[in-house]
$ cat structure_12.cif   # mmCIF, C-alpha atoms and all ligand atoms
data_target
#
loop_
_atom_site.label_atom_id
_atom_site.label_comp_id
_atom_site.auth_asym_id
_atom_site.auth_seq_id
_atom_site.Cartn_x
_atom_site.Cartn_y
_atom_site.Cartn_z
CA MET H 1 134.78 124.64 132.99
CA MET H 2 132.83 123.45 129.97
CA MET H 3 129.62 121.65 130.71
CA SER H 4 127.28 119.27 128.89
CA LEU H 5 123.50 119.54 128.72
CA ASN H 6 123.36 116.51 130.99
CA CYS H 7 125.46 118.20 133.70
CA ILE H 8 123.18 121.24 133.54
CA LYS H 9 120.21 118.98 134.04
CA GLU H 10 121.81 117.54 137.18
CA LYS H 11 122.51 121.03 138.51
CA ILE H 12 118.91 122.04 137.85
CA VAL H 13 117.47 118.93 139.47
CA SER H 14 119.55 119.47 142.62
CA SER H 15 118.77 123.20 142.96
CA LYS H 16 115.71 124.80 144.51
CA ASN H 17 116.34 128.47 143.75
CA ILE H 18 117.21 129.39 140.18
CA ILE H 19 118.10 132.87 138.98
CA ILE H 20 117.98 133.49 135.24
CA SER H 21 119.70 136.43 133.59
CA THR H 22 121.09 137.61 130.26
CA HIS H 23 123.08 140.40 128.64
CA SER H 24 122.17 144.07 129.01
CA ALA H 25 120.01 145.52 126.21
CA PRO H 26 118.38 142.10 125.76
CA ASP H 27 117.21 140.96 122.33
CA GLY H 28 114.65 138.40 121.21
CA ASP H 29 116.99 135.46 121.68
CA ALA H 30 117.85 136.62 125.20
CA ILE H 31 114.27 137.30 126.33
CA GLY H 32 112.83 134.26 124.50
CA SER H 33 115.42 131.91 126.00
CA GLU H 34 114.91 133.28 129.51
CA THR H 35 111.14 132.99 129.18
CA ALA H 36 111.15 129.40 127.91
CA LEU H 37 113.58 128.33 130.62
CA ALA H 38 111.61 130.10 133.35
CA ILE H 39 108.32 128.47 132.35
CA ILE H 40 109.82 124.98 132.30
CA LEU H 41 111.76 125.37 135.57
CA LYS H 42 108.62 126.63 137.31
CA LYS H 43 106.83 123.49 136.14
CA MET H 44 109.65 121.56 137.81
CA ASN H 45 108.68 123.34 141.05
CA LYS H 46 111.75 125.53 141.21
CA ASN H 47 111.76 129.03 142.65
CA VAL H 48 112.57 130.92 139.49
CA VAL H 49 113.51 134.59 139.32
CA ILE H 50 114.50 136.40 136.13
CA VAL H 51 116.79 139.37 136.80
CA ASN H 52 117.61 141.69 133.91
CA GLN H 53 119.57 144.90 133.82
CA ASP H 54 117.41 146.49 131.16
CA PRO H 55 113.71 146.47 130.29
CA THR H 56 112.24 144.10 127.74
CA PRO H 57 112.19 145.90 124.38
CA LEU H 58 108.71 146.89 123.21
CA PRO H 59 108.37 144.38 120.33
CA LEU H 60 108.91 141.58 122.85
CA SER H 61 106.52 142.87 125.49
CA PHE H 62 104.03 140.10 124.63
CA LEU H 63 106.43 137.73 126.43
CA GLU H 64 105.86 139.67 129.65
CA ASP H 65 102.57 137.75 129.91
CA HIS H 66 104.58 134.54 129.91
CA ALA H 67 107.13 135.29 132.62
CA LYS H 68 107.93 137.95 135.21
CA PHE H 69 110.97 140.10 134.56
CA ASN H 70 112.68 141.76 137.54
CA TYR H 71 115.36 144.39 137.83
CA PRO H 72 118.27 143.90 140.24
CA SER H 73 116.72 146.52 142.55
CA THR H 74 113.32 144.81 142.72
CA ALA H 75 114.30 141.13 142.55
CA PRO H 76 113.89 139.15 145.79
CA LYS H 77 117.21 138.49 147.50
CA THR H 78 118.42 134.97 148.10
CA GLU H 79 121.33 133.35 149.94
CA GLU H 80 121.65 130.34 147.69
CA ALA H 81 120.92 129.82 144.00
CA LEU H 82 121.83 128.26 140.72
CA VAL H 83 122.43 131.17 138.36
CA ILE H 84 121.80 130.48 134.66
CA ILE H 85 122.91 133.26 132.33
CA VAL H 86 121.75 132.89 128.74
CA ASP H 87 122.89 134.26 125.36
CA VAL H 88 126.15 135.65 126.72
CA ASN H 89 129.27 134.18 128.27
CA ASP H 90 130.80 137.06 130.13
CA LEU H 91 129.77 138.52 133.52
CA SER H 92 130.87 141.97 132.38
CA LYS H 93 128.04 142.01 129.82
CA ILE H 94 125.09 141.46 132.14
CA GLY H 95 125.13 145.00 133.52
CA GLU H 96 126.68 146.49 136.65
CA GLN H 97 123.69 146.16 139.01
CA THR H 98 122.84 142.65 137.85
CA LYS H 99 126.41 141.61 138.48
CA GLU H 100 126.22 143.14 141.98
CA TYR H 101 122.96 141.27 142.60
CA ILE H 102 124.60 137.98 141.65
CA ASP H 103 127.75 138.81 143.63
CA GLY H 104 125.45 139.21 146.64
CA ILE H 105 124.29 135.58 146.52
CA LYS H 106 126.44 133.74 149.06
CA ASN H 107 126.22 130.20 147.78
CA LYS H 108 125.91 129.95 144.05
CA ASP H 109 126.81 128.08 140.91
CA ILE H 110 126.96 130.11 137.72
CA ILE H 111 126.29 128.53 134.33
CA PHE H 112 126.45 130.35 131.01
CA ILE H 113 124.39 128.93 128.15
CA SER H 114 125.23 130.58 124.86
CA HIS H 115 126.10 130.25 121.20
CA HIS H 116 128.74 132.97 121.38
CA ARG H 117 132.37 131.97 121.32
CA THR H 118 134.12 132.29 124.69
CA LYS H 119 137.29 134.30 124.79
CA SER H 120 138.08 133.56 128.40
CA VAL H 121 136.56 131.53 131.18
CA GLU H 122 135.94 132.83 134.65
CA ASN H 123 136.97 130.88 137.71
CA GLY H 124 134.13 128.99 139.29
CA CYS H 125 131.77 129.44 136.34
CA SER H 126 130.53 126.70 134.03
CA TYR H 127 129.88 127.12 130.33
CA LEU H 128 127.72 125.43 127.79
CA ILE H 129 128.68 126.98 124.48
CA ASN H 130 127.38 125.66 121.18
CA GLU H 131 128.73 127.89 118.46
CA THR H 132 126.89 126.01 115.74
CA ALA H 133 123.48 126.74 117.25
CA SER H 134 121.54 129.43 115.40
CA SER H 135 120.38 130.89 118.68
CA THR H 136 120.47 130.28 122.40
CA GLY H 137 116.78 129.42 122.08
CA GLU H 138 117.80 126.36 120.09
CA ILE H 139 120.07 125.17 122.92
CA ILE H 140 117.30 125.79 125.46
CA TYR H 141 114.98 123.69 123.28
CA SER H 142 117.49 120.81 123.34
CA LEU H 143 117.84 121.14 127.11
CA ILE H 144 114.08 121.03 127.63
CA LYS H 145 113.37 118.18 125.20
CA GLU H 146 116.41 115.98 125.41
CA GLU H 147 117.54 116.36 129.01
CA LEU H 148 114.72 117.67 131.16
CA ASN H 149 112.16 115.60 129.21
CA MET H 150 109.54 118.25 129.73
CA ASP H 151 106.60 118.93 127.42
CA ILE H 152 106.62 122.21 125.57
CA ASP H 153 103.39 124.15 126.03
CA ILE H 154 102.16 126.99 123.82
CA LYS H 155 103.78 129.77 125.85
CA THR H 156 107.13 128.00 125.93
CA ALA H 157 106.80 127.32 122.20
CA GLU H 158 106.13 131.02 121.52
CA ALA H 159 109.19 132.00 123.52
CA ILE H 160 111.49 129.56 121.71
CA TYR H 161 110.10 130.58 118.33
CA THR H 162 110.76 134.23 119.22
CA ALA H 163 114.35 133.39 120.16
CA ILE H 164 115.04 131.52 116.93
CA ILE H 165 113.44 133.97 114.50
CA SER H 166 115.14 136.89 116.26
CA ASP H 167 118.64 135.51 115.86
CA THR H 168 118.17 134.03 112.38
CA LYS H 169 116.11 136.99 111.11
CA SER H 170 113.36 134.56 110.16
CA PHE H 171 115.71 131.78 109.06
CA ARG H 172 117.74 133.95 106.72
CA TYR H 173 121.18 133.97 108.29
CA SER H 174 123.90 131.48 107.50
CA ARG H 175 123.76 129.69 110.84
CA THR H 176 120.18 128.63 110.23
CA THR H 177 120.18 124.84 109.94
CA SER H 178 117.74 122.07 109.18
CA TYR H 179 117.55 121.64 112.97
CA SER H 180 116.35 125.25 113.35
CA HIS H 181 113.61 124.55 110.81
CA ARG H 182 112.69 121.25 112.45
CA ILE H 183 112.27 122.94 115.82
CA ALA H 184 110.15 125.66 114.20
CA ALA H 185 108.03 123.01 112.49
CA GLU H 186 107.38 121.31 115.81
CA LEU H 187 106.47 124.60 117.48
CA ILE H 188 104.03 125.38 114.68
CA GLU H 189 102.49 121.91 115.04
CA LEU H 190 102.02 122.67 118.73
CA GLY H 191 99.76 125.49 117.65
CA ILE H 192 101.70 128.75 117.86
CA ASP H 193 100.57 131.61 115.64
CA ALA H 194 103.83 132.07 113.73
CA GLU H 195 102.60 135.01 111.70
CA LYS H 196 101.52 136.87 114.82
CA ILE H 197 104.90 136.36 116.49
CA GLN H 198 106.72 137.38 113.30
CA SER H 199 104.78 140.62 113.15
CA GLU H 200 105.29 141.30 116.89
CA VAL H 201 109.04 140.81 116.55
CA PHE H 202 109.63 142.50 113.20
CA GLY H 203 106.62 144.75 112.73
CA SER H 204 106.65 146.94 115.82
CA ASN H 205 108.69 149.89 114.59
CA SER H 206 108.02 153.38 115.90
CA LEU H 207 107.80 156.31 113.51
CA GLY H 208 111.11 157.59 114.90
CA GLN H 209 112.77 154.28 114.15
CA LEU H 210 111.71 154.36 110.52
CA LYS H 211 112.80 157.98 110.18
CA THR H 212 116.18 157.08 111.66
CA LEU H 213 116.38 154.19 109.21
CA GLY H 214 115.56 156.64 106.42
CA CYS H 215 118.45 158.90 107.43
CA MET H 216 120.76 155.91 107.50
CA LEU H 217 119.69 154.59 104.09
CA ARG H 218 120.25 158.04 102.58
CA ASP H 219 123.86 158.14 103.78
CA ILE H 220 125.11 154.64 102.79
CA GLU H 221 128.44 154.54 101.00
CA LEU H 222 130.33 151.81 99.16
CA THR H 223 134.05 151.15 99.03
CA LYS H 224 135.83 151.19 95.66
CA SER H 225 135.20 147.50 94.97
CA GLY H 226 131.51 147.92 95.76
CA LYS H 227 131.75 144.94 98.09
CA VAL H 228 131.73 146.79 101.41
CA ALA H 229 128.79 149.01 102.36
CA TYR H 230 129.09 151.34 105.33
CA VAL H 231 127.30 154.15 107.04
CA TYR H 232 127.73 156.44 110.04
CA ILE H 233 124.80 157.45 112.24
CA PRO H 234 125.50 160.48 114.44
CA TYR H 235 123.92 160.50 117.90
CA SER H 236 121.92 163.59 116.92
CA THR H 237 119.88 161.49 114.45
CA LEU H 238 118.78 159.17 117.25
CA ASN H 239 118.16 162.05 119.60
CA ASP H 240 116.11 164.05 117.07
CA ASN H 241 113.90 161.04 116.40
CA GLU H 242 113.63 160.02 120.08
CA VAL H 243 115.15 156.66 119.34
CA CYS H 244 117.50 154.72 121.63
CA ALA H 245 120.44 152.65 120.48
CA ALA H 246 118.57 149.34 120.93
CA HIS H 247 116.06 150.49 118.31
CA THR H 248 118.75 150.54 115.62
CA LYS H 249 119.42 146.87 116.10
CA GLY H 250 119.36 145.10 112.76
CA PHE H 251 119.76 148.30 110.74
CA VAL H 252 123.14 147.09 109.50
CA ASN H 253 121.44 144.19 107.74
CA HIS H 254 119.78 146.54 105.28
CA LEU H 255 123.23 147.33 103.90
CA LEU H 256 123.79 143.67 103.14
CA THR H 257 120.79 143.59 100.80
CA ILE H 258 122.69 145.66 98.21
CA LYS H 259 123.61 143.37 95.33
CA GLY H 260 127.33 142.67 95.23
CA VAL H 261 127.93 143.73 98.83
CA ASN H 262 129.61 141.09 100.97
CA ILE H 263 130.27 143.04 104.13
CA ALA H 264 128.26 145.76 105.86
CA VAL H 265 129.41 148.09 108.61
CA LEU H 266 127.32 150.38 110.75
CA PHE H 267 129.14 153.05 112.76
CA ARG H 268 126.87 154.49 115.44
CA GLU H 269 127.82 157.35 117.71
CA SER H 270 126.95 156.87 121.40
CA PRO H 271 125.96 159.68 123.79
CA ASP H 272 129.49 159.55 125.28
CA LYS H 273 130.95 160.14 121.76
CA SER H 274 132.41 156.67 121.49
CA ILE H 275 131.45 154.77 118.35
CA LYS H 276 129.77 151.40 118.27
CA VAL H 277 130.72 149.39 115.21
CA SER H 278 128.56 146.52 113.93
CA ILE H 279 129.95 144.38 111.14
CA ARG H 280 127.99 141.78 109.18
CA SER H 281 129.37 139.48 106.51
CA LYS H 282 127.42 137.41 103.99
CA GLY H 283 129.31 134.28 104.97
CA ILE H 284 132.37 134.34 102.74
CA HIS H 285 134.72 136.55 104.74
CA PRO H 286 134.97 136.03 108.52
CA ILE H 287 135.10 139.36 110.36
CA GLU H 288 135.16 138.27 114.00
CA GLU H 289 138.95 138.52 114.28
CA LEU H 290 138.87 142.17 113.25
CA ALA H 291 136.28 142.94 115.92
CA MET H 292 138.36 141.04 118.48
CA ASP H 293 141.43 143.11 117.55
CA PHE H 294 139.40 146.11 118.70
CA GLY H 295 138.34 144.46 121.94
CA GLY H 296 134.95 143.25 120.69
CA GLY H 297 133.65 139.98 119.33
CA GLY H 298 130.54 138.06 118.39
CA HIS H 299 130.33 135.39 115.75
CA LYS H 300 132.36 134.49 112.68
CA PHE H 301 130.13 136.57 110.38
CA ALA H 302 128.53 139.05 112.79
CA ALA H 303 130.53 141.00 115.33
CA THR H 304 130.64 144.31 117.17
CA PHE H 305 133.02 146.52 119.09
CA SER H 306 133.23 150.01 120.53
CA SER H 307 135.96 152.52 119.80
CA THR H 308 136.99 155.93 121.05
CA LEU H 309 139.00 156.72 117.90
CA PRO H 310 137.87 159.85 116.04
CA LYS H 311 135.16 159.15 113.45
CA GLU H 312 137.20 159.81 110.27
CA GLU H 313 140.16 157.75 111.47
CA LEU H 314 137.98 154.84 112.57
CA VAL H 315 135.85 154.72 109.42
CA LYS H 316 138.94 154.86 107.22
CA LYS H 317 140.75 152.19 109.20
CA ILE H 318 137.89 149.70 109.27
CA THR H 319 136.69 150.16 105.70
CA SER H 320 140.20 149.84 104.29
CA GLU H 321 140.84 146.67 106.34
CA LEU H 322 137.59 145.21 105.04
CA GLU H 323 138.30 146.32 101.49
CA LYS H 324 141.58 144.39 101.70
CA LEU H 325 139.69 141.37 102.97
CA VAL H 326 137.08 141.32 100.18
CA THR H 327 139.48 142.12 97.34
CA GLY H 328 142.29 139.90 98.60
CA LYS H 329 144.76 142.75 98.06
MN MN H 401 121.74 134.99 120.55
#
$ encode --input "structure_12.cif" --output "structure tokens"
Amino acid sequence: MMMSLNCIKEKIVSSKNIIISTHSAPDGDAIGSETALAIILKKMNKNVVIVNQDPTPLPLSFLEDHAKFNYPSTAPKTEEALVIIVDVNDLSKIGEQTKEYIDGIKNKDIIFISHHRTKSVENGCSYLINETASSTGEIIYSLIKEELNMDIDIKTAEAIYTAIISDTKSFRYSRTTSYSHRIAAELIELGIDAEKIQSEVFGSNSLGQLKTLGCMLRDIELTKSGKVAYVYIPYSTLNDNEVCAAHTKGFVNHLLTIKGVNIAVLFRESPDKSIKVSIRSKGIHPIEELAMDFGGGGHKFAATFSSTLPKEELVKKITSELEKLVTGK
């Protein structure tokens, strides 16, 4: 069932216990949205518990002062709750143990709040999906301001700002709108230190991360047209530099900065030998369908999937599909 912001408000008002969760390997939009929502719901005297499968990534650890993050094993159990899952719309993406934790709540309503397109809807779950929002943080802002009529304090403002800059890469991506900028302007007027948050989110690389990035940059290739850039990162590169997969997030965007390139693809080998494929498009050629054909998805111009095809076959298949797309041949 699709749901409006107003219906979510009613659910929140009539619930005492609220569980907040998000996708595994959470990013800035996920953690920022959870944090902002948790602060506001606490102010509304709700019992709020955030339950995440995975730890908060290091660059976002400053938000751990703003809200408490629990794992499924340590989160207090409850018999009855409203479950709000942000930045994702699929129970299979919140992590096995988190799903078990939620399954264990006897009486519950589950609401997904996200800006990711829904492929399927689950029975008994409600969805608020706004595909035009730059980030889930933007939807949370609307919920807080327009429906809950709550004031945004500094900590909430920092969390929302983190969510928006994370998903727009500091207002650079195509889904950034005047609304995104207006929200940011308001948050800055509230007194957040935007520069500090920017450097927390984007300036917290480890040495290993930069070395991994260096290896990747060295190996970039272009297709014949020069419009598709791609690169393969073997698992050994991550392992040698003591870097986990989450730390390569955003690497693919470097490929898009090559002049003339319209589509970038990062192939990253996982420990189990499968290959995670991240595709980014500058906003001319939609690539979501291709990712969906391989069982993945995302947004029109940014999508991912995993494949167990052998490396050579997969790279050839994807780059030639994309080459066809950009050359129209
Ligand atoms: Mn997001």
$ closest_atom_pairs --input "structure_12.cif" --of "chain H" --to "ligand MN 401 (chain H)" --cutoff "12 Å" --atoms "all atoms listed in the file" --output "JSON lines"
{"residue": "H:Thr22", "atom": "CA", "partner": "H:MN401", "partner_atom": "MN", "distance": 10.1}
{"residue": "H:His23", "atom": "CA", "partner": "H:MN401", "partner_atom": "MN", "distance": 9.8}
{"residue": "H:Pro26", "atom": "CA", "partner": "H:MN401", "partner_atom": "MN", "distance": 9.4}
{"residue": "H:Asp27", "atom": "CA", "partner": "H:MN401", "partner_atom": "MN", "distance": 7.7}
{"residue": "H:Gly28", "atom": "CA", "partner": "H:MN401", "partner_atom": "MN", "distance": 7.9}
{"residue": "H:Asp29", "atom": "CA", "partner": "H:MN401", "partner_atom": "MN", "distance": 4.9}
{"residue": "H:Ala30", "atom": "CA", "partner": "H:MN401", "partner_atom": "MN", "distance": 6.3}
{"residue": "H:Ile31", "atom": "CA", "partner": "H:MN401", "partner_atom": "MN", "distance": 9.7}
{"residue": "H:Gly32", "atom": "CA", "partner": "H:MN401", "partner_atom": "MN", "distance": 9.8}
{"residue": "H:Ser33", "atom": "CA", "partner": "H:MN401", "partner_atom": "MN", "distance": 8.9}
{"residue": "H:Glu34", "atom": "CA", "partner": "H:MN401", "partner_atom": "MN", "distance": 11.4}
{"residue": "H:Ile85", "atom": "CA", "partner": "H:MN401", "partner_atom": "MN", "distance": 12.0}
{"residue": "H:Val86", "atom": "CA", "partner": "H:MN401", "partner_atom": "MN", "distance": 8.5}
{"residue": "H:Asp87", "atom": "CA", "partner": "H:MN401", "partner_atom": "MN", "distance": 5.0}
{"residue": "H:Val88", "atom": "CA", "partner": "H:MN401", "partner_atom": "MN", "distance": 7.6}
{"residue": "H:Asn89", "atom": "CA", "partner": "H:MN401", "partner_atom": "MN", "distance": 10.8}
{"residue": "H:Ile113", "atom": "CA", "partner": "H:MN401", "partner_atom": "MN", "distance": 10.1}
{"residue": "H:Ser114", "atom": "CA", "partner": "H:MN401", "partner_atom": "MN", "distance": 7.1}
{"residue": "H:His115", "atom": "CA", "partner": "H:MN401", "partner_atom": "MN", "distance": 6.5}
{"residue": "H:His116", "atom": "CA", "partner": "H:MN401", "partner_atom": "MN", "distance": 7.3}
{"residue": "H:Arg117", "atom": "CA", "partner": "H:MN401", "partner_atom": "MN", "distance": 11.1}
{"residue": "H:Ile129", "atom": "CA", "partner": "H:MN401", "partner_atom": "MN", "distance": 11.3}
{"residue": "H:Asn130", "atom": "CA", "partner": "H:MN401", "partner_atom": "MN", "distance": 10.9}
{"residue": "H:Glu131", "atom": "CA", "partner": "H:MN401", "partner_atom": "MN", "distance": 10.2}
{"residue": "H:Thr132", "atom": "CA", "partner": "H:MN401", "partner_atom": "MN", "distance": 11.4}
{"residue": "H:Ala133", "atom": "CA", "partner": "H:MN401", "partner_atom": "MN", "distance": 9.1}
{"residue": "H:Ser134", "atom": "CA", "partner": "H:MN401", "partner_atom": "MN", "distance": 7.6}
{"residue": "H:Ser135", "atom": "CA", "partner": "H:MN401", "partner_atom": "MN", "distance": 4.7}
{"residue": "H:Thr136", "atom": "CA", "partner": "H:MN401", "partner_atom": "MN", "distance": 5.2}
{"residue": "H:Gly137", "atom": "CA", "partner": "H:MN401", "partner_atom": "MN", "distance": 7.6}
{"residue": "H:Glu138", "atom": "CA", "partner": "H:MN401", "partner_atom": "MN", "distance": 9.5}
{"residue": "H:Ile139", "atom": "CA", "partner": "H:MN401", "partner_atom": "MN", "distance": 10.2}
{"residue": "H:Ile140", "atom": "CA", "partner": "H:MN401", "partner_atom": "MN", "distance": 11.3}
{"residue": "H:Ile160", "atom": "CA", "partner": "H:MN401", "partner_atom": "MN", "distance": 11.7}
{"residue": "H:Thr162", "atom": "CA", "partner": "H:MN401", "partner_atom": "MN", "distance": 11.1}
{"residue": "H:Ala163", "atom": "CA", "partner": "H:MN401", "partner_atom": "MN", "distance": 7.6}
{"residue": "H:Ile164", "atom": "CA", "partner": "H:MN401", "partner_atom": "MN", "distance": 8.4}
{"residue": "H:Ile165", "atom": "CA", "partner": "H:MN401", "partner_atom": "MN", "distance": 10.3}
{"residue": "H:Ser166", "atom": "CA", "partner": "H:MN401", "partner_atom": "MN", "distance": 8.1}
{"residue": "H:Asp167", "atom": "CA", "partner": "H:MN401", "partner_atom": "MN", "distance": 5.6}
{"residue": "H:Thr168", "atom": "CA", "partner": "H:MN401", "partner_atom": "MN", "distance": 9.0}
{"residue": "H:Lys169", "atom": "CA", "partner": "H:MN401", "partner_atom": "MN", "distance": 11.2}
{"residue": "H:Arg175", "atom": "CA", "partner": "H:MN401", "partner_atom": "MN", "distance": 11.2}
{"residue": "H:Gly298", "atom": "CA", "partner": "H:MN401", "partner_atom": "MN", "distance": 9.6}
{"residue": "H:His299", "atom": "CA", "partner": "H:MN401", "partner_atom": "MN", "distance": 9.8}
{"residue": "H:Ala302", "atom": "CA", "partner": "H:MN401", "partner_atom": "MN", "distance": 11.1}
{"residue": "H:Ala303", "atom": "CA", "partner": "H:MN401", "partner_atom": "MN", "distance": 11.9}
$ closest_residue --input "structure_12.cif" --among "H:Lys324, H:Thr237, H:Ala245, H:Leu91" --to "H:Thr223" --atoms "all atoms listed in the file"
H:Lys324
$ atom_distance --input "structure_12.cif" --atom1 "atom CA of H:Val201" --atom2 "atom CA of H:Pro59"
5.2 Å
$ residues_around --input "structure_12.cif" --residues "H:Ala194" --least-positions-apart "2" --cutoff "12 Å" --atoms "only C-alpha atoms" --output "PyMOL selection string"
chain H and resi 154+157-162+164-165+170+184-192+196-202
$ atom_distance --input "structure_12.cif" --atom1 "atom CA of H:Met292" --atom2 "atom CA of H:Asp103"
27.4 Å
$ atom_distance --input "structure_12.cif" --atom1 "atom CA of H:Leu128" --atom2 "atom CA of H:Asp109"
13.4 Å
$ closest_residue --input "structure_12.cif" --among "H:Ser4, H:Ser274, H:Ser14, H:Thr35" --to "H:Pro234" --atoms "only C-alpha atoms"
H:Ser274
$ residues_around --input "structure_12.cif" --residues "stretch 278-286 of chain H" --least-positions-apart "6" --cutoff "10 Å" --atoms "all atoms listed in the file" --output "VMD selection string"
chain H and resid 173 to 175 228 to 230 249 to 253 255 to 257 261 to 268 296 to 306 318 322 325 to 326
$ write_last_selection --input "structure_12.cif" --atoms "C-alpha atoms" --output "short mmCIF file (atom, residue, chain, number, x, y, z; two decimals), in the coordinates of the input"
data_model
loop_
_atom_site.label_atom_id
_atom_site.label_comp_id
_atom_site.auth_asym_id
_atom_site.auth_seq_id
_atom_site.Cartn_x
_atom_site.Cartn_y
_atom_site.Cartn_z
CA TYR H 173 121.18 133.97 108.29
CA SER H 174 123.90 131.48 107.50
CA ARG H 175 123.76 129.69 110.84
CA VAL H 228 131.73 146.79 101.41
CA ALA H 229 128.79 149.01 102.36
CA TYR H 230 129.09 151.34 105.33
CA LYS H 249 119.42 146.87 116.10
CA GLY H 250 119.36 145.10 112.76
CA PHE H 251 119.76 148.30 110.74
CA VAL H 252 123.14 147.09 109.50
CA ASN H 253 121.44 144.19 107.74
CA LEU H 255 123.23 147.33 103.90
CA LEU H 256 123.79 143.67 103.14
CA THR H 257 120.79 143.59 100.80
CA VAL H 261 127.93 143.73 98.83
CA ASN H 262 129.61 141.09 100.97
CA ILE H 263 130.27 143.04 104.13
CA ALA H 264 128.26 145.76 105.86
CA VAL H 265 129.41 148.09 108.61
CA LEU H 266 127.32 150.38 110.75
CA PHE H 267 129.14 153.05 112.76
CA ARG H 268 126.87 154.49 115.44
CA GLY H 296 134.95 143.25 120.69
CA GLY H 297 133.65 139.98 119.33
CA GLY H 298 130.54 138.06 118.39
CA HIS H 299 130.33 135.39 115.75
CA LYS H 300 132.36 134.49 112.68
CA PHE H 301 130.13 136.57 110.38
CA ALA H 302 128.53 139.05 112.79
CA ALA H 303 130.53 141.00 115.33
CA THR H 304 130.64 144.31 117.17
CA PHE H 305 133.02 146.52 119.09
CA SER H 306 133.23 150.01 120.53
CA ILE H 318 137.89 149.70 109.27
CA LEU H 322 137.59 145.21 105.04
CA LEU H 325 139.69 141.37 102.97
CA VAL H 326 137.08 141.32 100.18
#
$ residues_around --input "structure_12.cif" --residues "H:Glu100" --least-positions-apart "4" --cutoff "12 Å" --atoms "all atoms listed in the file" --output "ChimeraX atom specification"
/H:51-53,71-73,77,91-92,94-96,104-106
$ closest_residue --input "structure_12.cif" --among "H:Ala38, H:Ile275, H:Val48, H:Ala81" --to "H:Leu63" --atoms "only C-alpha atoms"
H:Ala38
$ residues_around --input "structure_12.cif" --residues "H:Ser236" --least-positions-apart "6" --cutoff "12 Å" --atoms "all atoms listed in the file" --output "PyMOL selection string"
chain H and resi 212+215+242-245+268-273
$ residues_near_point --input "structure_12.cif" --point "(119.4, 113.7, 128.1)" --cutoff "12 Å" --atoms "all atoms listed in the file" --output "list in words"
Ser4, Leu5, Asn6, Cys7, Ile8, Lys9, Glu10, Tyr141, Ser142, Leu143, Ile144, Lys145, Glu146, Glu147, Leu148, Asn149 and Met150 of chain H
$ closest_residue --input "structure_12.cif" --among "H:Asn70, H:Asn241, H:Ser120, H:Thr78" --to "H:Gln97" --atoms "all atoms listed in the file"
H:Asn70
$ closest_residue --input "structure_12.cif" --among "H:Ile19, H:Ala25, H:Ile50, H:Met1" --to "H:Thr118" --atoms "all atoms listed in the file"
H:Met1
$ closest_residue --input "structure_12.cif" --among "H:Ser61, H:Lys316, H:Tyr101, H:Thr156" --to "H:Lys42" --atoms "all atoms listed in the file"
H:Thr156
$ build_atoms --input "structure_12.cif" --residues "stretch 238-249 of chain H" --atoms "N, CA and C atoms" --output "PDB file, in the coordinates of the input"
ATOM      1  N   LEU H 238     119.576 159.945 116.294  1.00  0.00           N
ATOM      2  CA  LEU H 238     118.780 159.170 117.250  1.00  0.00           C
ATOM      3  C   LEU H 238     118.017 160.102 118.169  1.00  0.00           C
ATOM      4  N   ASN H 239     118.728 161.095 118.656  1.00  0.00           N
ATOM      5  CA  ASN H 239     118.160 162.050 119.600  1.00  0.00           C
ATOM      6  C   ASN H 239     116.977 162.805 118.983  1.00  0.00           C
ATOM      7  N   ASP H 240     117.165 163.290 117.762  1.00  0.00           N
ATOM      8  CA  ASP H 240     116.110 164.050 117.070  1.00  0.00           C
ATOM      9  C   ASP H 240     114.851 163.208 116.874  1.00  0.00           C
ATOM     10  N   ASN H 241     115.046 161.904 116.671  1.00  0.00           N
ATOM     11  CA  ASN H 241     113.900 161.040 116.400  1.00  0.00           C
ATOM     12  C   ASN H 241     113.425 160.282 117.635  1.00  0.00           C
ATOM     13  N   GLU H 242     113.995 160.652 118.797  1.00  0.00           N
ATOM     14  CA  GLU H 242     113.630 160.020 120.080  1.00  0.00           C
ATOM     15  C   GLU H 242     113.751 158.495 120.010  1.00  0.00           C
ATOM     16  N   VAL H 243     114.894 158.084 119.508  1.00  0.00           N
ATOM     17  CA  VAL H 243     115.150 156.660 119.340  1.00  0.00           C
ATOM     18  C   VAL H 243     116.369 156.293 120.185  1.00  0.00           C
ATOM     19  N   CYS H 244     116.315 155.135 120.873  1.00  0.00           N
ATOM     20  CA  CYS H 244     117.500 154.720 121.630  1.00  0.00           C
ATOM     21  C   CYS H 244     118.292 153.707 120.799  1.00  0.00           C
ATOM     22  N   ALA H 245     119.513 153.483 121.245  1.00  0.00           N
ATOM     23  CA  ALA H 245     120.440 152.650 120.480  1.00  0.00           C
ATOM     24  C   ALA H 245     119.839 151.279 120.153  1.00  0.00           C
ATOM     25  N   ALA H 246     119.129 150.688 121.126  1.00  0.00           N
ATOM     26  CA  ALA H 246     118.570 149.340 120.930  1.00  0.00           C
ATOM     27  C   ALA H 246     117.620 149.312 119.725  1.00  0.00           C
ATOM     28  N   HIS H 247     117.020 150.455 119.426  1.00  0.00           N
ATOM     29  CA  HIS H 247     116.060 150.490 118.310  1.00  0.00           C
ATOM     30  C   HIS H 247     116.737 150.506 116.941  1.00  0.00           C
ATOM     31  N   THR H 248     118.054 150.591 116.914  1.00  0.00           N
ATOM     32  CA  THR H 248     118.750 150.540 115.620  1.00  0.00           C
ATOM     33  C   THR H 248     119.300 149.138 115.361  1.00  0.00           C
ATOM     34  N   LYS H 249     118.960 148.237 116.263  1.00  0.00           N
ATOM     35  CA  LYS H 249     119.420 146.870 116.100  1.00  0.00           C
ATOM     36  C   LYS H 249     118.909 146.299 114.778  1.00  0.00           C
TER      37      LYS H 249
END
